[in-house]
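**Q** Sharing input16.cif (mmCIF, N, CA and C atoms and all ligand atoms) below.
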data_input
loop_
_atom_site.label_atom_id
_atom_site.label_comp_id
_atom_site.auth_asym_id
_atom_site.auth_seq_id
_atom_site.Cartn_x
_atom_site.Cartn_y
_atom_site.Cartn_z
N MET A 1 -183.64 15.95 30.42
CA MET A 1 -183.30 16.13 31.84
C MET A 1 -182.40 14.99 32.29
N ASP A 2 -181.31 15.29 32.98
CA ASP A 2 -180.41 14.20 33.38
C ASP A 2 -180.88 13.53 34.68
N ALA A 3 -180.28 12.40 34.99
CA ALA A 3 -180.74 11.58 36.11
C ALA A 3 -180.59 12.28 37.46
N THR A 4 -179.54 13.07 37.61
CA THR A 4 -179.32 13.75 38.89
C THR A 4 -180.46 14.72 39.19
N VAL A 5 -180.83 15.48 38.19
CA VAL A 5 -181.92 16.45 38.37
C VAL A 5 -183.23 15.70 38.61
N GLN A 6 -183.44 14.62 37.88
CA GLN A 6 -184.67 13.84 38.04
C GLN A 6 -184.79 13.31 39.47
N THR A 7 -183.70 12.78 40.00
CA THR A 7 -183.70 12.25 41.37
C THR A 7 -184.02 13.35 42.36
N LEU A 8 -183.41 14.50 42.14
CA LEU A 8 -183.64 15.65 43.02
C LEU A 8 -185.11 16.05 43.00
N LEU A 9 -185.68 16.12 41.80
CA LEU A 9 -187.08 16.53 41.68
C LEU A 9 -188.00 15.51 42.34
N ASP A 10 -187.67 14.23 42.25
CA ASP A 10 -188.48 13.20 42.91
C ASP A 10 -188.48 13.41 44.42
N LYS A 11 -187.31 13.73 44.96
CA LYS A 11 -187.21 13.96 46.41
C LYS A 11 -188.03 15.18 46.81
N ILE A 12 -187.94 16.22 46.01
CA ILE A 12 -188.67 17.46 46.30
C ILE A 12 -190.17 17.18 46.31
N ARG A 13 -190.64 16.38 45.38
CA ARG A 13 -192.07 16.06 45.29
C ARG A 13 -192.58 15.43 46.59
N VAL A 14 -191.80 14.54 47.17
CA VAL A 14 -192.20 13.88 48.42
C VAL A 14 -192.33 14.92 49.52
N VAL A 15 -191.34 15.80 49.63
CA VAL A 15 -191.38 16.85 50.65
C VAL A 15 -192.56 17.78 50.40
N ALA A 16 -192.78 18.13 49.15
CA ALA A 16 -193.85 19.05 48.79
C ALA A 16 -195.20 18.50 49.25
N ASP A 17 -195.43 17.21 49.09
CA ASP A 17 -196.68 16.59 49.53
C ASP A 17 -196.88 16.78 51.02
N LYS A 18 -195.82 16.54 51.77
CA LYS A 18 -195.91 16.63 53.23
C LYS A 18 -196.19 18.06 53.67
N THR A 19 -195.44 19.01 53.12
CA THR A 19 -195.57 20.39 53.58
C THR A 19 -196.90 21.01 53.15
N SER A 20 -197.43 20.61 52.01
CA SER A 20 -198.68 21.22 51.57
C SER A 20 -199.82 20.83 52.50
N LYS A 21 -199.75 19.63 53.07
CA LYS A 21 -200.78 19.21 54.02
C LYS A 21 -200.71 20.05 55.30
N ALA A 22 -199.49 20.31 55.75
CA ALA A 22 -199.30 21.08 56.96
C ALA A 22 -199.72 22.54 56.75
N ALA A 23 -199.36 23.08 55.60
CA ALA A 23 -199.63 24.49 55.33
C ALA A 23 -201.13 24.75 55.20
N GLY A 24 -201.87 23.75 54.76
CA GLY A 24 -203.30 23.91 54.58
C GLY A 24 -204.03 24.29 55.84
N ARG A 25 -203.40 23.97 56.98
CA ARG A 25 -204.07 24.23 58.25
C ARG A 25 -203.82 25.66 58.76
N ALA A 26 -202.87 26.33 58.12
CA ALA A 26 -202.53 27.69 58.58
C ALA A 26 -203.74 28.60 58.46
N ALA A 27 -204.17 29.11 59.56
CA ALA A 27 -205.36 29.97 59.56
C ALA A 27 -204.99 31.40 59.84
N ASP A 28 -205.72 32.30 59.24
CA ASP A 28 -205.46 33.72 59.50
C ASP A 28 -206.47 34.21 60.51
N ALA A 29 -205.96 34.63 61.67
CA ALA A 29 -206.84 35.03 62.76
C ALA A 29 -206.96 36.54 62.86
N ALA A 30 -206.59 37.25 61.78
CA ALA A 30 -206.64 38.72 61.82
C ALA A 30 -208.06 39.19 62.10
N GLY A 31 -208.18 40.09 63.04
CA GLY A 31 -209.49 40.59 63.43
C GLY A 31 -210.03 41.62 62.47
N LYS A 32 -211.27 42.00 62.70
CA LYS A 32 -211.89 43.04 61.87
C LYS A 32 -211.25 44.40 62.16
N LYS A 33 -210.97 45.15 61.17
CA LYS A 33 -210.31 46.44 61.35
C LYS A 33 -211.34 47.57 61.35
N ALA A 34 -210.86 48.74 61.80
CA ALA A 34 -211.76 49.89 61.93
C ALA A 34 -212.44 50.23 60.61
N THR A 35 -211.68 50.33 59.56
CA THR A 35 -212.32 50.56 58.27
C THR A 35 -211.87 49.48 57.30
N GLU A 36 -212.83 49.05 56.49
CA GLU A 36 -212.50 47.99 55.54
C GLU A 36 -211.55 48.47 54.46
N LEU A 37 -211.65 49.76 54.12
CA LEU A 37 -210.78 50.26 53.06
C LEU A 37 -209.32 50.17 53.47
N ALA A 38 -209.00 50.69 54.65
CA ALA A 38 -207.62 50.65 55.13
C ALA A 38 -207.16 49.21 55.23
N SER A 39 -208.06 48.38 55.70
CA SER A 39 -207.75 46.97 55.87
C SER A 39 -207.48 46.29 54.53
N ALA A 40 -208.34 46.59 53.55
CA ALA A 40 -208.17 45.96 52.24
C ALA A 40 -206.88 46.41 51.57
N THR A 41 -206.54 47.68 51.74
CA THR A 41 -205.30 48.19 51.17
C THR A 41 -204.11 47.48 51.80
N ARG A 42 -204.18 47.33 53.11
CA ARG A 42 -203.12 46.64 53.84
C ARG A 42 -202.99 45.19 53.35
N ILE A 43 -204.13 44.54 53.19
CA ILE A 43 -204.11 43.14 52.77
C ILE A 43 -203.58 43.01 51.34
N ASN A 44 -204.03 43.91 50.47
CA ASN A 44 -203.53 43.86 49.09
C ASN A 44 -202.02 44.05 49.05
N LEU A 45 -201.51 44.93 49.92
CA LEU A 45 -200.06 45.14 49.99
C LEU A 45 -199.35 43.90 50.50
N GLN A 46 -199.96 43.27 51.50
CA GLN A 46 -199.36 42.05 52.06
C GLN A 46 -199.28 40.96 50.99
N ILE A 47 -200.37 40.85 50.22
CA ILE A 47 -200.41 39.84 49.15
C ILE A 47 -199.32 40.15 48.12
N PHE A 48 -199.20 41.44 47.79
CA PHE A 48 -198.17 41.86 46.82
C PHE A 48 -196.78 41.48 47.32
N ASP A 49 -196.51 41.79 48.60
CA ASP A 49 -195.20 41.49 49.19
C ASP A 49 -194.93 39.98 49.19
N LEU A 50 -195.94 39.21 49.57
CA LEU A 50 -195.78 37.75 49.62
C LEU A 50 -195.48 37.20 48.24
N ASN A 51 -196.19 37.72 47.23
CA ASN A 51 -195.95 37.26 45.86
C ASN A 51 -194.53 37.60 45.41
N THR A 52 -194.06 38.79 45.80
CA THR A 52 -192.70 39.20 45.44
C THR A 52 -191.69 38.26 46.09
N GLU A 53 -191.93 37.95 47.38
CA GLU A 53 -191.02 37.04 48.09
C GLU A 53 -191.01 35.66 47.45
N CYS A 54 -192.17 35.22 46.97
CA CYS A 54 -192.25 33.92 46.30
C CYS A 54 -191.43 33.94 45.01
N GLU A 55 -191.51 35.05 44.27
CA GLU A 55 -190.75 35.16 43.02
C GLU A 55 -189.25 34.98 43.29
N VAL A 56 -188.77 35.59 44.37
CA VAL A 56 -187.36 35.47 44.73
C VAL A 56 -187.02 34.01 45.02
N LEU A 57 -187.90 33.35 45.78
CA LEU A 57 -187.67 31.95 46.14
C LEU A 57 -187.69 31.06 44.89
N TYR A 58 -188.65 31.32 43.99
CA TYR A 58 -188.72 30.53 42.75
C TYR A 58 -187.41 30.64 41.99
N LYS A 59 -186.87 31.85 41.94
CA LYS A 59 -185.62 32.10 41.23
C LYS A 59 -184.48 31.30 41.86
N GLU A 60 -184.42 31.33 43.20
CA GLU A 60 -183.35 30.62 43.90
C GLU A 60 -183.47 29.12 43.70
N ILE A 61 -184.71 28.61 43.76
CA ILE A 61 -184.93 27.18 43.55
C ILE A 61 -184.50 26.79 42.14
N GLY A 62 -184.89 27.62 41.18
CA GLY A 62 -184.52 27.34 39.79
C GLY A 62 -183.02 27.33 39.57
N ARG A 63 -182.35 28.27 40.21
CA ARG A 63 -180.89 28.34 40.07
C ARG A 63 -180.25 27.08 40.67
N MET A 64 -180.77 26.65 41.84
CA MET A 64 -180.21 25.46 42.48
C MET A 64 -180.42 24.22 41.63
N VAL A 65 -181.60 24.09 41.05
CA VAL A 65 -181.87 22.94 40.18
C VAL A 65 -180.89 22.95 39.02
N TYR A 66 -180.63 24.12 38.49
CA TYR A 66 -179.69 24.21 37.37
C TYR A 66 -178.27 23.85 37.81
N GLU A 67 -177.91 24.30 39.03
CA GLU A 67 -176.57 24.00 39.54
C GLU A 67 -176.39 22.49 39.76
N VAL A 68 -177.47 21.83 40.18
CA VAL A 68 -177.43 20.38 40.33
C VAL A 68 -177.20 19.74 38.97
N HIS A 69 -177.90 20.26 37.99
CA HIS A 69 -177.75 19.78 36.62
C HIS A 69 -176.31 19.93 36.16
N GLN A 70 -175.65 20.99 36.63
CA GLN A 70 -174.27 21.25 36.26
C GLN A 70 -173.29 20.44 37.08
N GLY A 71 -173.80 19.65 38.03
CA GLY A 71 -172.95 18.77 38.80
C GLY A 71 -172.61 19.28 40.19
N ALA A 72 -173.22 20.39 40.60
CA ALA A 72 -172.93 20.92 41.94
C ALA A 72 -173.62 20.08 43.00
N GLU A 73 -172.99 20.04 44.19
CA GLU A 73 -173.60 19.34 45.32
C GLU A 73 -174.44 20.34 46.10
N ILE A 74 -175.72 20.10 46.15
CA ILE A 74 -176.58 21.00 46.92
C ILE A 74 -177.40 20.14 47.90
N ALA A 75 -177.34 20.52 49.17
CA ALA A 75 -178.09 19.77 50.17
C ALA A 75 -179.58 19.87 49.87
N ASN A 76 -180.26 18.73 49.99
CA ASN A 76 -181.69 18.71 49.69
C ASN A 76 -182.47 19.73 50.52
N ASP A 77 -182.06 19.86 51.81
CA ASP A 77 -182.87 20.74 52.65
C ASP A 77 -182.71 22.22 52.29
N GLU A 78 -181.66 22.53 51.52
CA GLU A 78 -181.55 23.92 51.05
C GLU A 78 -182.71 24.24 50.13
N ILE A 79 -183.02 23.30 49.27
CA ILE A 79 -184.13 23.50 48.33
C ILE A 79 -185.46 23.28 49.06
N ASP A 80 -185.51 22.22 49.85
CA ASP A 80 -186.75 21.92 50.59
C ASP A 80 -187.17 23.10 51.47
N GLY A 81 -186.18 23.72 52.13
CA GLY A 81 -186.48 24.85 52.99
C GLY A 81 -187.16 25.96 52.22
N ARG A 82 -186.66 26.21 51.03
CA ARG A 82 -187.25 27.28 50.21
C ARG A 82 -188.65 26.89 49.73
N ILE A 83 -188.81 25.62 49.38
CA ILE A 83 -190.14 25.17 48.96
C ILE A 83 -191.13 25.30 50.11
N GLY A 84 -190.66 24.95 51.32
CA GLY A 84 -191.51 25.11 52.50
C GLY A 84 -191.92 26.56 52.71
N GLN A 85 -190.97 27.47 52.47
CA GLN A 85 -191.28 28.90 52.62
C GLN A 85 -192.32 29.35 51.60
N VAL A 86 -192.20 28.84 50.36
CA VAL A 86 -193.19 29.19 49.34
C VAL A 86 -194.56 28.66 49.76
N ASP A 87 -194.60 27.43 50.27
CA ASP A 87 -195.87 26.85 50.73
C ASP A 87 -196.52 27.74 51.79
N GLU A 88 -195.71 28.16 52.75
CA GLU A 88 -196.24 29.01 53.83
C GLU A 88 -196.79 30.31 53.28
N LYS A 89 -196.02 30.92 52.37
CA LYS A 89 -196.46 32.20 51.81
C LYS A 89 -197.72 32.03 50.96
N GLN A 90 -197.80 30.94 50.22
CA GLN A 90 -198.99 30.70 49.40
C GLN A 90 -200.22 30.48 50.28
N ALA A 91 -200.03 29.79 51.41
CA ALA A 91 -201.14 29.57 52.33
C ALA A 91 -201.61 30.89 52.92
N LYS A 92 -200.63 31.76 53.22
CA LYS A 92 -200.97 33.08 53.76
C LYS A 92 -201.75 33.90 52.73
N ILE A 93 -201.28 33.85 51.48
CA ILE A 93 -201.95 34.59 50.41
C ILE A 93 -203.39 34.10 50.28
N ALA A 94 -203.58 32.80 50.33
CA ALA A 94 -204.93 32.23 50.20
C ALA A 94 -205.84 32.72 51.31
N SER A 95 -205.31 32.76 52.54
CA SER A 95 -206.17 33.17 53.65
C SER A 95 -206.41 34.67 53.62
N LEU A 96 -205.44 35.45 53.12
CA LEU A 96 -205.64 36.89 52.97
C LEU A 96 -206.72 37.17 51.92
N ARG A 97 -206.69 36.41 50.83
CA ARG A 97 -207.70 36.58 49.78
C ARG A 97 -209.08 36.25 50.33
N GLU A 98 -209.12 35.24 51.17
CA GLU A 98 -210.38 34.84 51.78
C GLU A 98 -210.92 35.96 52.67
N GLU A 99 -209.98 36.55 53.41
CA GLU A 99 -210.35 37.66 54.29
C GLU A 99 -210.94 38.82 53.47
N LEU A 100 -210.30 39.09 52.34
CA LEU A 100 -210.79 40.17 51.47
C LEU A 100 -212.18 39.87 50.93
N SER A 101 -212.39 38.64 50.53
CA SER A 101 -213.68 38.30 49.92
C SER A 101 -214.80 38.33 50.95
N GLY A 102 -214.44 38.29 52.24
CA GLY A 102 -215.44 38.38 53.28
C GLY A 102 -215.89 39.81 53.56
N MET A 103 -215.19 40.77 52.95
CA MET A 103 -215.57 42.17 53.17
C MET A 103 -216.68 42.55 52.21
N LYS A 104 -217.79 42.99 52.78
CA LYS A 104 -218.99 43.19 51.96
C LYS A 104 -218.90 44.37 51.01
N SER A 105 -218.13 45.39 51.40
CA SER A 105 -218.10 46.59 50.57
C SER A 105 -217.09 46.50 49.43
N PHE A 106 -216.63 45.28 49.16
CA PHE A 106 -215.65 45.12 48.10
C PHE A 106 -216.12 44.16 47.03
N VAL A 107 -215.66 44.44 45.81
CA VAL A 107 -215.93 43.52 44.71
C VAL A 107 -214.58 43.08 44.14
N THR A 108 -214.56 41.88 43.60
CA THR A 108 -213.33 41.37 43.00
C THR A 108 -213.29 41.75 41.53
N CYS A 109 -212.18 42.33 41.11
CA CYS A 109 -212.03 42.69 39.70
C CYS A 109 -212.04 41.41 38.85
N PRO A 110 -212.92 41.36 37.83
CA PRO A 110 -212.98 40.15 37.00
C PRO A 110 -211.74 39.97 36.13
N SER A 111 -210.97 41.06 35.93
CA SER A 111 -209.78 40.94 35.07
C SER A 111 -208.54 40.51 35.83
N CYS A 112 -208.26 41.19 36.96
CA CYS A 112 -206.98 40.91 37.64
C CYS A 112 -207.15 40.30 39.03
N GLY A 113 -208.37 40.25 39.54
CA GLY A 113 -208.58 39.61 40.84
C GLY A 113 -208.39 40.52 42.04
N ARG A 114 -208.05 41.77 41.82
CA ARG A 114 -207.85 42.69 42.93
C ARG A 114 -209.19 43.06 43.56
N GLN A 115 -209.15 43.31 44.89
CA GLN A 115 -210.36 43.74 45.58
C GLN A 115 -210.52 45.25 45.41
N CYS A 116 -211.67 45.66 44.89
CA CYS A 116 -211.92 47.08 44.67
C CYS A 116 -213.17 47.50 45.44
N SER A 117 -213.28 48.80 45.66
CA SER A 117 -214.45 49.32 46.36
C SER A 117 -215.68 49.13 45.49
N LYS A 118 -216.82 48.85 46.15
CA LYS A 118 -218.07 48.65 45.44
C LYS A 118 -218.49 49.91 44.69
N ASP A 119 -218.06 51.07 45.21
CA ASP A 119 -218.44 52.35 44.60
C ASP A 119 -217.69 52.63 43.31
N ASP A 120 -216.56 51.96 43.10
CA ASP A 120 -215.77 52.23 41.90
C ASP A 120 -216.39 51.58 40.67
N SER A 121 -216.24 52.27 39.53
CA SER A 121 -216.70 51.70 38.27
C SER A 121 -215.59 50.93 37.57
N PHE A 122 -214.35 51.36 37.88
CA PHE A 122 -213.21 50.71 37.23
C PHE A 122 -212.19 50.26 38.28
N CYS A 123 -211.45 49.23 37.94
CA CYS A 123 -210.44 48.67 38.83
C CYS A 123 -209.29 49.66 39.01
N SER A 124 -208.86 49.86 40.28
CA SER A 124 -207.76 50.79 40.55
C SER A 124 -206.42 50.20 40.15
N SER A 125 -206.40 48.91 39.88
CA SER A 125 -205.13 48.26 39.54
C SER A 125 -204.95 48.14 38.03
N CYS A 126 -205.96 47.57 37.34
CA CYS A 126 -205.78 47.32 35.91
C CYS A 126 -206.67 48.19 35.04
N GLY A 127 -207.60 48.92 35.65
CA GLY A 127 -208.45 49.81 34.86
C GLY A 127 -209.65 49.13 34.22
N GLY A 128 -209.79 47.83 34.45
CA GLY A 128 -210.91 47.09 33.87
C GLY A 128 -212.24 47.50 34.49
N ALA A 129 -213.32 47.32 33.74
CA ALA A 129 -214.65 47.65 34.25
C ALA A 129 -215.04 46.65 35.32
N LEU A 130 -215.66 47.18 36.40
CA LEU A 130 -216.07 46.29 37.50
C LEU A 130 -217.54 45.89 37.37
ZN ZN B 201 -208.29 44.74 37.78
#
Go ahead and express the file in the form of structure tokens.

**A**
Amino acid sequence: MDATVQTLLDKIRVVADKTSKAAGRAADAAGKKATELASATRINLQIFDLNTECEVLYKEIGRMVYEVHQGAEIANDEIDGRIGQVDEKQAKIASLREELSGMKSFVTCPSCGRQCSKDDSFCSSCGGAL
């Protein structure tokens, strides 16, 4: 790894520390929904979307780090902004998962972590035994 990339990564680490503390406080105030099934489906979809958005951000961050390595000038806040967005999305995912685990009629798939109905014998996502 060359010195330019190393310096950039050091700067990112400092920002990452600060933002992770702030993101930890993000609370999900979503109320109880009429049916847990509809709610769980909605939450699983939200988690899926958030993960997809994170993948896009990871790709962009990776490309920028590589461009810095190639000698391009990239403003730190361009990368920091994306890292902040990932932090926010990860905090949201964590609180959504918490919300799911609070639903009594659901069990967590031991293979993939998806929330499934207690009545199901197999996971609707990966097919694993529940
Ligand atoms: Zn599964």

**Q** Rounded to one decimal place, report the atom N of Gly84 (chain A)-atom C of Gly62 (chain A) distance in Å.

**A**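 Here the two named atoms are 14.2 Å from each other.
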
**Q** Contacts between ligand ZN 201 (chain B) and chain A, please, where a residue of chain A counts if it comes within 7 Å (with only C-alpha atoms and all ligand atoms); show its shortest atom pair and distance in Å to one decimal, rows by chain and ascending number, as JSON lines.

**A**
{"residue": "A:Cys109", "atom": "CA", "partner": "B:ZN201", "partner_atom": "ZN", "distance": 4.7}
{"residue": "A:Pro110", "atom": "CA", "partner": "B:ZN201", "partner_atom": "ZN", "distance": 6.6}
{"residue": "A:Ser111", "atom": "CA", "partner": "B:ZN201", "partner_atom": "ZN", "distance": 4.9}
{"residue": "A:Cys112", "atom": "CA", "partner": "B:ZN201", "partner_atom": "ZN", "distance": 4.1}
{"residue": "A:Gly113", "atom": "CA", "partner": "B:ZN201", "partner_atom": "ZN", "distance": 6.0}
{"residue": "A:Arg114", "atom": "CA", "partner": "B:ZN201", "partner_atom": "ZN", "distance": 5.6}
{"residue": "A:Cys123", "atom": "CA", "partner": "B:ZN201", "partner_atom": "ZN", "distance": 4.6}
{"residue": "A:Ser124", "atom": "CA", "partner": "B:ZN201", "partner_atom": "ZN", "distance": 6.7}
{"residue": "A:Ser125", "atom": "CA", "partner": "B:ZN201", "partner_atom": "ZN", "distance": 5.0}
{"residue": "A:Cys126", "atom": "CA", "partner": "B:ZN201", "partner_atom": "ZN", "distance": 4.1}
{"residue": "A:Gly127", "atom": "CA", "partner": "B:ZN201", "partner_atom": "ZN", "distance": 5.9}
{"residue": "A:Gly128", "atom": "CA", "partner": "B:ZN201", "partner_atom": "ZN", "distance": 5.3}

**Q** Rank nothing, just name the residue among A:Asp10, A:Glu60, A:Glu99, A:Asp49 nearest to Ile79 (chain A), using only N, CA and C atoms.

**A**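 With only N, CA and C atoms as the atom set, the closest residue is A:Glu60.
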
**Q** To one decimal in Å, tell me the separation between CA of Ser101 (chain A) and atom N of Cys116 (chain A).

**A**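 Computing the Euclidean distance for CA of Ser101 (chain A) and atom N of Cys116 (chain A) yields 9.1 Å.
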
**Q** Do a neighbour search on Leu9 (chain A) at 12 Å with only C-alpha atoms, toss out local chain neighbours closer than 2 positions, and write the hits as a PDB file with N, CA and C atoms, keeping the file's coordinate frame.

**A**
ATOM      1  N   MET A   1    -183.640  15.950  30.420  1.00  0.00           N
ATOM      2  CA  MET A   1    -183.300  16.130  31.840  1.00  0.00           C
ATOM      3  C   MET A   1    -182.400  14.990  32.290  1.00  0.00           C
ATOM      4  N   ASP A   2    -181.310  15.290  32.980  1.00  0.00           N
ATOM      5  CA  ASP A   2    -180.410  14.200  33.380  1.00  0.00           C
ATOM      6  C   ASP A   2    -180.880  13.530  34.680  1.00  0.00           C
ATOM      7  N   ALA A   3    -180.280  12.400  34.990  1.00  0.00           N
ATOM      8  CA  ALA A   3    -180.740  11.580  36.110  1.00  0.00           C
ATOM      9  C   ALA A   3    -180.590  12.280  37.460  1.00  0.00           C
ATOM     10  N   THR A   4    -179.540  13.070  37.610  1.00  0.00           N
ATOM     11  CA  THR A   4    -179.320  13.750  38.890  1.00  0.00           C
ATOM     12  C   THR A   4    -180.460  14.720  39.190  1.00  0.00           C
ATOM     13  N   VAL A   5    -180.830  15.480  38.190  1.00  0.00           N
ATOM     14  CA  VAL A   5    -181.920  16.450  38.370  1.00  0.00           C
ATOM     15  C   VAL A   5    -183.230  15.700  38.610  1.00  0.00           C
ATOM     16  N   GLN A   6    -183.440  14.620  37.880  1.00  0.00           N
ATOM     17  CA  GLN A   6    -184.670  13.840  38.040  1.00  0.00           C
ATOM     18  C   GLN A   6    -184.790  13.310  39.470  1.00  0.00           C
ATOM     19  N   THR A   7    -183.700  12.780  40.000  1.00  0.00           N
ATOM     20  CA  THR A   7    -183.700  12.250  41.370  1.00  0.00           C
ATOM     21  C   THR A   7    -184.020  13.350  42.360  1.00  0.00           C
ATOM     22  N   LYS A  11    -187.310  13.730  44.960  1.00  0.00           N
ATOM     23  CA  LYS A  11    -187.210  13.960  46.410  1.00  0.00           C
ATOM     24  C   LYS A  11    -188.030  15.180  46.810  1.00  0.00           C
ATOM     25  N   ILE A  12    -187.940  16.220  46.010  1.00  0.00           N
ATOM     26  CA  ILE A  12    -188.670  17.460  46.300  1.00  0.00           C
ATOM     27  C   ILE A  12    -190.170  17.180  46.310  1.00  0.00           C
ATOM     28  N   ARG A  13    -190.640  16.380  45.380  1.00  0.00           N
ATOM     29  CA  ARG A  13    -192.070  16.060  45.290  1.00  0.00           C
ATOM     30  C   ARG A  13    -192.580  15.430  46.590  1.00  0.00           C
ATOM     31  N   VAL A  14    -191.800  14.540  47.170  1.00  0.00           N
ATOM     32  CA  VAL A  14    -192.200  13.880  48.420  1.00  0.00           C
ATOM     33  C   VAL A  14    -192.330  14.920  49.520  1.00  0.00           C
ATOM     34  N   VAL A  15    -191.340  15.800  49.630  1.00  0.00           N
ATOM     35  CA  VAL A  15    -191.380  16.850  50.650  1.00  0.00           C
ATOM     36  C   VAL A  15    -192.560  17.780  50.400  1.00  0.00           C
ATOM     37  N   ALA A  16    -192.780  18.130  49.150  1.00  0.00           N
ATOM     38  CA  ALA A  16    -193.850  19.050  48.790  1.00  0.00           C
ATOM     39  C   ALA A  16    -195.200  18.500  49.250  1.00  0.00           C
ATOM     40  N   ILE A  61    -184.710  28.610  43.760  1.00  0.00           N
ATOM     41  CA  ILE A  61    -184.930  27.180  43.550  1.00  0.00           C
ATOM     42  C   ILE A  61    -184.500  26.790  42.140  1.00  0.00           C
ATOM     43  N   GLY A  62    -184.890  27.620  41.180  1.00  0.00           N
ATOM     44  CA  GLY A  62    -184.520  27.340  39.790  1.00  0.00           C
ATOM     45  C   GLY A  62    -183.020  27.330  39.570  1.00  0.00           C
ATOM     46  N   MET A  64    -180.770  26.650  41.840  1.00  0.00           N
ATOM     47  CA  MET A  64    -180.210  25.460  42.480  1.00  0.00           C
ATOM     48  C   MET A  64    -180.420  24.220  41.630  1.00  0.00           C
ATOM     49  N   VAL A  65    -181.600  24.090  41.050  1.00  0.00           N
ATOM     50  CA  VAL A  65    -181.870  22.940  40.180  1.00  0.00           C
ATOM     51  C   VAL A  65    -180.890  22.950  39.020  1.00  0.00           C
ATOM     52  N   TYR A  66    -180.630  24.120  38.490  1.00  0.00           N
ATOM     53  CA  TYR A  66    -179.690  24.210  37.370  1.00  0.00           C
ATOM     54  C   TYR A  66    -178.270  23.850  37.810  1.00  0.00           C
ATOM     55  N   VAL A  68    -177.470  21.830  40.180  1.00  0.00           N
ATOM     56  CA  VAL A  68    -177.430  20.380  40.330  1.00  0.00           C
ATOM     57  C   VAL A  68    -177.200  19.740  38.970  1.00  0.00           C
ATOM     58  N   HIS A  69    -177.900  20.260  37.990  1.00  0.00           N
ATOM     59  CA  HIS A  69    -177.750  19.780  36.620  1.00  0.00           C
ATOM     60  C   HIS A  69    -176.310  19.930  36.160  1.00  0.00           C
ATOM     61  N   ASN A  76    -180.260  18.730  49.990  1.00  0.00           N
ATOM     62  CA  ASN A  76    -181.690  18.710  49.690  1.00  0.00           C
ATOM     63  C   ASN A  76    -182.470  19.730  50.520  1.00  0.00           C
ATOM     64  N   ILE A  79    -183.020  23.300  49.270  1.00  0.00           N
ATOM     65  CA  ILE A  79    -184.130  23.500  48.330  1.00  0.00           C
ATOM     66  C   ILE A  79    -185.460  23.280  49.060  1.00  0.00           C
ATOM     67  N   ASP A  80    -185.510  22.220  49.850  1.00  0.00           N
ATOM     68  CA  ASP A  80    -186.750  21.920  50.590  1.00  0.00           C
ATOM     69  C   ASP A  80    -187.170  23.100  51.470  1.00  0.00           C
ATOM     70  N   ILE A  83    -188.810  25.620  49.380  1.00  0.00           N
ATOM     71  CA  ILE A  83    -190.140  25.170  48.960  1.00  0.00           C
ATOM     72  C   ILE A  83    -191.130  25.300  50.110  1.00  0.00           C
TER      73      ILE A  83
END

**Q** If you run DSSP on the backbone here, which positions in region 34-82 of chain A get alpha helix (DSSP H)? Please write them as a PyMOL selection string.

**A** chain A and resi 36-69+76-82

**Q** Using only C-alpha atoms, pick whichever of A:Leu8, A:Lys92, A:Ser39, A:Glu67 has the shortest atom-to-atom distance to Ser105 (chain A).

**A**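 Between A:Leu8, A:Lys92, A:Ser39, A:Glu67, the residue approaching Ser105 (chain A) most closely is A:Ser39.
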
**Q** With a distance cut-off of 8 Å and only N, CA and C atoms, select the neighbouring residues of Glu53 (chain A), excluding the residue or stretch itself and same-chain residues fewer than 6 positions from it, and output the selection as a list in words.

**A**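 In the requested format, the answer is Ile47, Lys59, Gln85, Val86 and Lys89 of chain A.
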
**Q** From the list A:Leu100, A:Ala94, A:Ala129, A:Ile74, which residue is nearest Asn44 (chain A) when using only N, CA and C atoms?

**A**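 Ranked by minimum distance to Asn44 (chain A), first place goes to A:Leu100.
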
**Q** So the first atom is CA of Asp119 (chain A) and the second is CA of Ile93 (chain A); what is the distance between them in Å, to one decimal place?

**A**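 Interatomic distance here is 24.9 Å.
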